[in-house]
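*Asks:* Submitted below is the structure of interest, expressed as structure tokens.
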Amino acid sequence: MTDQPAQPHPHPSAPVPAPELFTWEFATNPYPAYAWLREHAPVHKTRLPSGVEAWLVTRYADAKHALADPRLSKNPAHHDEPAHAKGKTGIPGERKAELMTHLLNIDPPDHTRLRRLVSKAFTPRRVAEFAPRVQELTNDLIDRFAQTGSADLIHDFAFPLPIYAICDLLGVPREDQDDFRDWAGMMIRHGGGPRGGVARSVKKMRGYLADLIHRKRAALADSPDPLPGEDLISALIRASDQGEHLTENEAAAMAFILLFAGFETTVNLIGNGTYALLTHPEQRARLEKSLAAGERELLETGVEELLRYDGPVELATWRFATRPLTLGGQDIAAGDPVLVVLAAADRDPERFADPDVLDLGRRDNQHLGYGHGIHYCLGAPLARLEGQTALATLLTRLPDLQLAADPADLRWRGGLIMRGLRTLPVEFTPRAGTPTP
């Protein structure tokens with residue numbers, strides 16, 4: 001036996017090196033790095049891939065505080081970087097397309113006015129009435145691949161379902177919805193498409209929405225009273241014309257952000273949620289048993305747990321300090337960007353018992369997946385409806401659904417804010433359906 005030199009043991013007090021952030025390995029599983037940050041640097045300044053320096057907030061208590069702190073503005077005008085850097089802190093192309101005046105970029109009192117206006121049009125009742133259409137879309141999409149025995153659940157299911165649903169809700173005519181699907185597909189590639197493709201898609205969408213709003217406003221002149229099942233854009237126009245002030249740019253920006261924010265988040269909720277169930281067979285079996293018994297409670301708590309465990313939004317959208325402040329023991333200068341890491345906060349052991357365990361029946365689950373405070377996600381009821389419908393229908397109609405790839409081979413989309421799979425290949429026993437035309 002050959003003698004090997006003794007390996008030096010690290011000193012017990014030697015600091016563990018900080019993890020590398022924003023690599024492909026990090027994108028695959030960021031949770032160990034976030035655990036390190038929570039413990040060693042809960043409010044941590046880092047240089048992002050774009051070159052912008054920002055503070056990452058990773059503990060639940062700090063995150064919840066930051067999300068509701070009025071000293072942290074949503075308006076990029078408070079960013080203390082040169083003007084050219086401001087384009088790196090939002091949706092590519094939204095500034096040039098004059099789509100900045102939406103709920104993710106403004107503060108009170110404008111935020112209060114616009115949110116009140118949208119809330120009048122985007123009511124829980126409207127979402128509840130939309131449930132049969134979501135179920136119809138879900139069934140139609142599954143019909144298209146049910147006979148084949150295999151599918152990419154991102155491309156064939158998780159991607160088209162919310163884009164068609166939000167188009168229907170907004171009132172985009174069916175004949176135009178494939179254009180929206182193409183534009184939205186470019187917008188979620190996060191650098192995977194042609195250079196400038198996202199900005200071009202945003203510009204095309206903005207032009208289309210402006211024209212659609214103009215046409216709907218003209219049509220409403222002949223219909224003074226709301227019609228049953230009236231679309232969301234028409235309801236926004238009515239609310240605006242009945243005393244609330246909404247400029248054309250604000251109307252287009254509002255429709256744009258409802259589409260953008262209500263689309264990719266739901267793609268990721270369905271994709272991440274299905275992946276979590278396929279890789280946690282005991283939790284999946286628990287949910288299937290509950291669904292077979294005609295119960296919904298575990299489905300409802302289960303979707304909340306999937307949002308907490310591996311949610312669709314990794315970091316909350318940008319905030320900027322309007323004046324010097326202290327957060328988590330760190331002094332933050334006026335103009336500094338602050339990014340609340342929802343994925344880290346929602347696995348904080350100080351707030352959640354066994355945070356790295358998926359438990360579909362988790363009760364005490366005040367996760368931050370939809371944000372907190374005045375910017376709490378307005379579309380949360382729609383996302384919950386789509387997530388519950390998609391997962392329940394998949395498990396019921398394709399009971400032997402299984403992964404068709406090694407989890408280590410799956411790739412996650414690059415990008416700062418969202419967390420989602422590029423593909424999710426699955427296999428199942430072919431079943432009756434309508435083949436894709």
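Identifiers in the structure tokens: chain A, B, ... in order shown; residue index from 1 per chain; ligand index from 1 in order shown.
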Could you name the residues that touch segment 362-375 of chain A at 6 Å or less, counting only C-alpha atoms, but leaving out those on the same chain fewer than 4 positions away, as a short mmCIF file (atom, residue, chain, number, x, y, z; two decimals) with C-alpha atoms, in the first residue's frame?
*Replies:*
data_model
loop_
_atom_site.label_atom_id
_atom_site.label_comp_id
_atom_site.auth_asym_id
_atom_site.auth_seq_id
_atom_site.Cartn_x
_atom_site.Cartn_y
_atom_site.Cartn_z
CA LEU A 67 -40.90 44.72 -0.13
CA ALA A 68 -43.07 47.17 1.83
CA LEU A 307 -44.64 28.50 -5.19
CA ARG A 308 -42.59 28.54 -1.98
CA ASP A 346 -38.98 31.41 1.05
#
*Asks:* Using only C-alpha atoms, find the one residue out of A:Arg71, A:Arg422, A:Lys289, A:Arg113 that sits nearest to Ala27 of chain A.
*Replies:* A:Arg422
*Asks:* Any chance you could list, as a ChimeraX atom specification, the residues in segment 334-436 of chain A that come up helix (DSSP H, G or I) when DSSP is run on the backbone?
*Replies:* /A:342-345,373-375,380-397,407-409
*Asks:* By how many Å are atom CA of Arg419 of chain A and atom CA of Pro312 of chain A apart?
*Replies:*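 A separation of 5.1 Å between them.
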*Asks:* Nearest to Glu295 of chain A among A:Ala392, A:Val426, A:Ile154, A:Ile163, with distances taken over only C-alpha atoms: which residue is it?
*Replies:*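 Using only C-alpha atoms, the shortest distance to Glu295 of chain A belongs to A:Ala392.
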*Asks:* Return as a VMD selection string the full set of residues in segment 141-385 of chain A whose backbone-based DSSP assignment is strand (DSSP E or B).
*Replies:* chain A and resid 150 to 152 313 319 to 321 325 to 327 330 to 332 337 to 340
*Asks:* Quick one: write out the picked residues with all heavy atoms as a short mmCIF file (atom, residue, chain, number, x, y, z; two decimals), in the first residue's frame?
*Replies:*
data_model
loop_
_atom_site.label_atom_id
_atom_site.label_comp_id
_atom_site.auth_asym_id
_atom_site.auth_seq_id
_atom_site.Cartn_x
_atom_site.Cartn_y
_atom_site.Cartn_z
N SER A 150 -45.47 11.22 -25.70
CA SER A 150 -44.35 12.03 -25.23
C SER A 150 -44.63 13.50 -25.54
O SER A 150 -45.44 13.81 -26.42
CB SER A 150 -43.03 11.59 -25.88
OG SER A 150 -43.07 11.84 -27.27
N ALA A 151 -43.95 14.38 -24.82
CA ALA A 151 -44.14 15.81 -25.05
C ALA A 151 -43.03 16.57 -24.35
O ALA A 151 -42.35 16.05 -23.46
CB ALA A 151 -45.50 16.27 -24.51
N ASP A 152 -42.84 17.81 -24.77
CA ASP A 152 -42.05 18.77 -24.01
C ASP A 152 -43.08 19.65 -23.31
O ASP A 152 -43.73 20.48 -23.96
CB ASP A 152 -41.15 19.59 -24.92
CG ASP A 152 -40.47 20.75 -24.19
OD1 ASP A 152 -40.62 20.84 -22.96
OD2 ASP A 152 -39.81 21.57 -24.86
N VAL A 313 -40.70 33.13 -9.69
CA VAL A 313 -40.01 34.42 -9.62
C VAL A 313 -38.89 34.28 -8.58
O VAL A 313 -39.16 34.14 -7.39
CB VAL A 313 -40.96 35.56 -9.23
CG1 VAL A 313 -40.22 36.89 -9.23
CG2 VAL A 313 -42.14 35.62 -10.20
N ARG A 319 -35.84 47.55 -7.13
CA ARG A 319 -36.14 48.66 -6.24
C ARG A 319 -34.89 49.52 -6.10
O ARG A 319 -33.78 49.02 -6.24
CB ARG A 319 -36.59 48.14 -4.86
CG ARG A 319 -38.02 47.61 -4.87
CD ARG A 319 -38.34 46.81 -3.62
NE ARG A 319 -39.77 46.58 -3.52
CZ ARG A 319 -40.45 45.66 -4.22
NH1 ARG A 319 -39.80 44.89 -5.07
NH2 ARG A 319 -41.74 45.52 -4.08
N PHE A 320 -35.10 50.83 -5.80
CA PHE A 320 -33.98 51.76 -5.71
C PHE A 320 -34.15 52.62 -4.46
O PHE A 320 -35.23 53.16 -4.22
CB PHE A 320 -33.93 52.65 -6.97
CG PHE A 320 -33.94 51.87 -8.25
CD1 PHE A 320 -35.13 51.58 -8.91
CD2 PHE A 320 -32.75 51.39 -8.80
CE1 PHE A 320 -35.15 50.84 -10.08
CE2 PHE A 320 -32.76 50.66 -9.97
CZ PHE A 320 -33.95 50.37 -10.61
N ALA A 321 -33.07 52.72 -3.68
CA ALA A 321 -33.13 53.50 -2.44
C ALA A 321 -33.27 54.99 -2.78
O ALA A 321 -32.48 55.54 -3.54
CB ALA A 321 -31.87 53.26 -1.61
N LEU A 325 -30.36 54.29 3.86
CA LEU A 325 -31.11 53.48 4.82
C LEU A 325 -30.26 52.30 5.26
O LEU A 325 -29.26 51.97 4.63
CB LEU A 325 -32.43 53.01 4.21
CG LEU A 325 -32.38 52.16 2.93
CD1 LEU A 325 -32.56 50.69 3.27
CD2 LEU A 325 -33.43 52.60 1.93
N THR A 326 -30.69 51.65 6.33
CA THR A 326 -30.01 50.46 6.84
C THR A 326 -30.97 49.28 6.73
O THR A 326 -32.13 49.37 7.16
CB THR A 326 -29.57 50.65 8.30
OG1 THR A 326 -28.69 51.77 8.37
CG2 THR A 326 -28.84 49.42 8.81
N LEU A 327 -30.48 48.21 6.16
CA LEU A 327 -31.30 47.01 5.97
C LEU A 327 -30.46 45.79 6.33
O LEU A 327 -29.38 45.61 5.76
CB LEU A 327 -31.78 46.92 4.52
CG LEU A 327 -32.70 45.77 4.14
CD1 LEU A 327 -34.01 45.82 4.94
CD2 LEU A 327 -33.02 45.79 2.64
N GLN A 330 -26.83 46.44 7.04
CA GLN A 330 -26.00 47.03 5.99
C GLN A 330 -26.50 48.44 5.65
O GLN A 330 -27.71 48.67 5.52
CB GLN A 330 -26.04 46.17 4.73
CG GLN A 330 -25.30 44.86 4.83
CD GLN A 330 -23.79 45.04 4.83
OE1 GLN A 330 -23.27 46.12 4.56
NE2 GLN A 330 -23.08 43.98 5.15
N ASP A 331 -25.56 49.36 5.49
CA ASP A 331 -25.91 50.72 5.08
C ASP A 331 -26.01 50.77 3.55
O ASP A 331 -25.08 50.40 2.84
CB ASP A 331 -24.84 51.71 5.55
CG ASP A 331 -24.81 51.84 7.07
OD1 ASP A 331 -25.87 51.66 7.70
OD2 ASP A 331 -23.72 52.09 7.61
N ILE A 332 -27.15 51.21 3.07
CA ILE A 332 -27.43 51.28 1.63
C ILE A 332 -27.53 52.74 1.24
O ILE A 332 -28.25 53.52 1.88
CB ILE A 332 -28.73 50.51 1.30
CG1 ILE A 332 -28.55 49.03 1.61
CG2 ILE A 332 -29.14 50.72 -0.15
CD1 ILE A 332 -29.81 48.20 1.49
N PRO A 337 -29.46 50.07 -6.23
CA PRO A 337 -30.50 49.07 -6.53
C PRO A 337 -30.56 48.00 -5.44
O PRO A 337 -29.51 47.59 -4.90
CB PRO A 337 -30.06 48.46 -7.86
CG PRO A 337 -29.00 49.38 -8.39
CD PRO A 337 -28.36 50.00 -7.21
N VAL A 338 -31.76 47.55 -5.13
CA VAL A 338 -31.99 46.49 -4.13
C VAL A 338 -32.85 45.42 -4.77
O VAL A 338 -33.93 45.71 -5.32
CB VAL A 338 -32.68 47.05 -2.87
CG1 VAL A 338 -33.01 45.93 -1.90
CG2 VAL A 338 -31.80 48.10 -2.19
N LEU A 339 -32.38 44.17 -4.72
CA LEU A 339 -33.13 43.03 -5.26
C LEU A 339 -33.46 42.07 -4.13
O LEU A 339 -32.57 41.53 -3.47
CB LEU A 339 -32.29 42.32 -6.33
CG LEU A 339 -32.10 43.10 -7.64
CD1 LEU A 339 -31.01 42.45 -8.48
CD2 LEU A 339 -33.40 43.17 -8.43
N VAL A 340 -34.74 41.89 -3.88
CA VAL A 340 -35.20 40.96 -2.85
C VAL A 340 -35.24 39.56 -3.45
O VAL A 340 -35.94 39.32 -4.44
CB VAL A 340 -36.58 41.36 -2.33
CG1 VAL A 340 -37.08 40.36 -1.31
CG2 VAL A 340 -36.53 42.77 -1.71
#
*Asks:* Which residues, written as a list in words, have at least one atom at most 10 Å from Arg126 of chain A, with only C-alpha atoms counted and residues fewer than 5 positions away on the same chain left out?
*Replies:* Ala121, Ala131, Leu169, Gly229, Glu230, Asp231, Leu232 and Leu382 of chain A
*Asks:* Would you export the selected residues with all heavy atoms as a PDB file, in the first residue's frame, please?
*Replies:*
ATOM      1  N   ALA A 121     -61.194  46.489 -13.042  1.00  0.00           N
ATOM      2  CA  ALA A 121     -61.395  45.652 -14.226  1.00  0.00           C
ATOM      3  C   ALA A 121     -60.975  44.208 -13.995  1.00  0.00           C
ATOM      4  O   ALA A 121     -61.532  43.290 -14.588  1.00  0.00           O
ATOM      5  CB  ALA A 121     -60.618  46.237 -15.407  1.00  0.00           C
ATOM      6  N   ALA A 131     -62.751  30.567 -15.222  1.00  0.00           N
ATOM      7  CA  ALA A 131     -62.291  29.199 -14.928  1.00  0.00           C
ATOM      8  C   ALA A 131     -62.684  28.183 -16.001  1.00  0.00           C
ATOM      9  O   ALA A 131     -61.845  27.357 -16.398  1.00  0.00           O
ATOM     10  CB  ALA A 131     -62.801  28.760 -13.563  1.00  0.00           C
ATOM     11  N   LEU A 169     -58.403  36.842 -21.917  1.00  0.00           N
ATOM     12  CA  LEU A 169     -58.870  37.714 -20.847  1.00  0.00           C
ATOM     13  C   LEU A 169     -58.748  39.183 -21.241  1.00  0.00           C
ATOM     14  O   LEU A 169     -59.645  39.990 -20.978  1.00  0.00           O
ATOM     15  CB  LEU A 169     -58.058  37.440 -19.576  1.00  0.00           C
ATOM     16  CG  LEU A 169     -58.635  37.962 -18.261  1.00  0.00           C
ATOM     17  CD1 LEU A 169     -59.964  37.287 -17.945  1.00  0.00           C
ATOM     18  CD2 LEU A 169     -57.657  37.734 -17.114  1.00  0.00           C
ATOM     19  N   GLY A 229     -69.387  39.254 -19.880  1.00  0.00           N
ATOM     20  CA  GLY A 229     -68.151  38.643 -20.342  1.00  0.00           C
ATOM     21  C   GLY A 229     -67.226  39.596 -21.076  1.00  0.00           C
ATOM     22  O   GLY A 229     -66.363  39.166 -21.830  1.00  0.00           O
ATOM     23  N   GLU A 230     -67.411  40.888 -20.870  1.00  0.00           N
ATOM     24  CA  GLU A 230     -66.589  41.877 -21.569  1.00  0.00           C
ATOM     25  C   GLU A 230     -65.115  41.698 -21.201  1.00  0.00           C
ATOM     26  O   GLU A 230     -64.772  41.379 -20.065  1.00  0.00           O
ATOM     27  CB  GLU A 230     -67.054  43.277 -21.195  1.00  0.00           C
ATOM     28  CG  GLU A 230     -66.457  44.372 -22.041  1.00  0.00           C
ATOM     29  CD  GLU A 230     -67.207  45.686 -21.846  1.00  0.00           C
ATOM     30  OE1 GLU A 230     -67.035  46.308 -20.774  1.00  0.00           O
ATOM     31  OE2 GLU A 230     -67.968  46.067 -22.739  1.00  0.00           O
ATOM     32  N   ASP A 231     -64.219  41.929 -22.180  1.00  0.00           N
ATOM     33  CA  ASP A 231     -62.791  41.665 -21.957  1.00  0.00           C
ATOM     34  C   ASP A 231     -62.172  42.741 -21.071  1.00  0.00           C
ATOM     35  O   ASP A 231     -62.751  43.800 -20.823  1.00  0.00           O
ATOM     36  CB  ASP A 231     -62.059  41.565 -23.295  1.00  0.00           C
ATOM     37  CG  ASP A 231     -62.111  42.858 -24.092  1.00  0.00           C
ATOM     38  OD1 ASP A 231     -61.397  43.795 -23.729  1.00  0.00           O
ATOM     39  OD2 ASP A 231     -62.890  42.926 -25.068  1.00  0.00           O
ATOM     40  N   LEU A 232     -60.941  42.443 -20.625  1.00  0.00           N
ATOM     41  CA  LEU A 232     -60.262  43.280 -19.647  1.00  0.00           C
ATOM     42  C   LEU A 232     -59.863  44.635 -20.216  1.00  0.00           C
ATOM     43  O   LEU A 232     -59.971  45.665 -19.537  1.00  0.00           O
ATOM     44  CB  LEU A 232     -59.022  42.536 -19.131  1.00  0.00           C
ATOM     45  CG  LEU A 232     -58.270  43.135 -17.950  1.00  0.00           C
ATOM     46  CD1 LEU A 232     -59.197  43.400 -16.787  1.00  0.00           C
ATOM     47  CD2 LEU A 232     -57.148  42.192 -17.524  1.00  0.00           C
ATOM     48  N   LEU A 382     -55.452  34.689 -10.840  1.00  0.00           N
ATOM     49  CA  LEU A 382     -55.412  34.041 -12.151  1.00  0.00           C
ATOM     50  C   LEU A 382     -54.300  32.993 -12.203  1.00  0.00           C
ATOM     51  O   LEU A 382     -54.493  31.892 -12.726  1.00  0.00           O
ATOM     52  CB  LEU A 382     -55.207  35.079 -13.251  1.00  0.00           C
ATOM     53  CG  LEU A 382     -55.099  34.526 -14.679  1.00  0.00           C
ATOM     54  CD1 LEU A 382     -56.371  33.780 -15.073  1.00  0.00           C
ATOM     55  CD2 LEU A 382     -54.807  35.650 -15.674  1.00  0.00           C
TER      56      LEU A 382
END
*Asks:* Quick one: pull the distance between atom CA of Phe256 of chain A and atom CA of Leu212 of chain A, Å, one decimal.
*Replies:*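 For atom CA of Phe256 of chain A relative to atom CA of Leu212 of chain A, the distance reads 11.8 Å.
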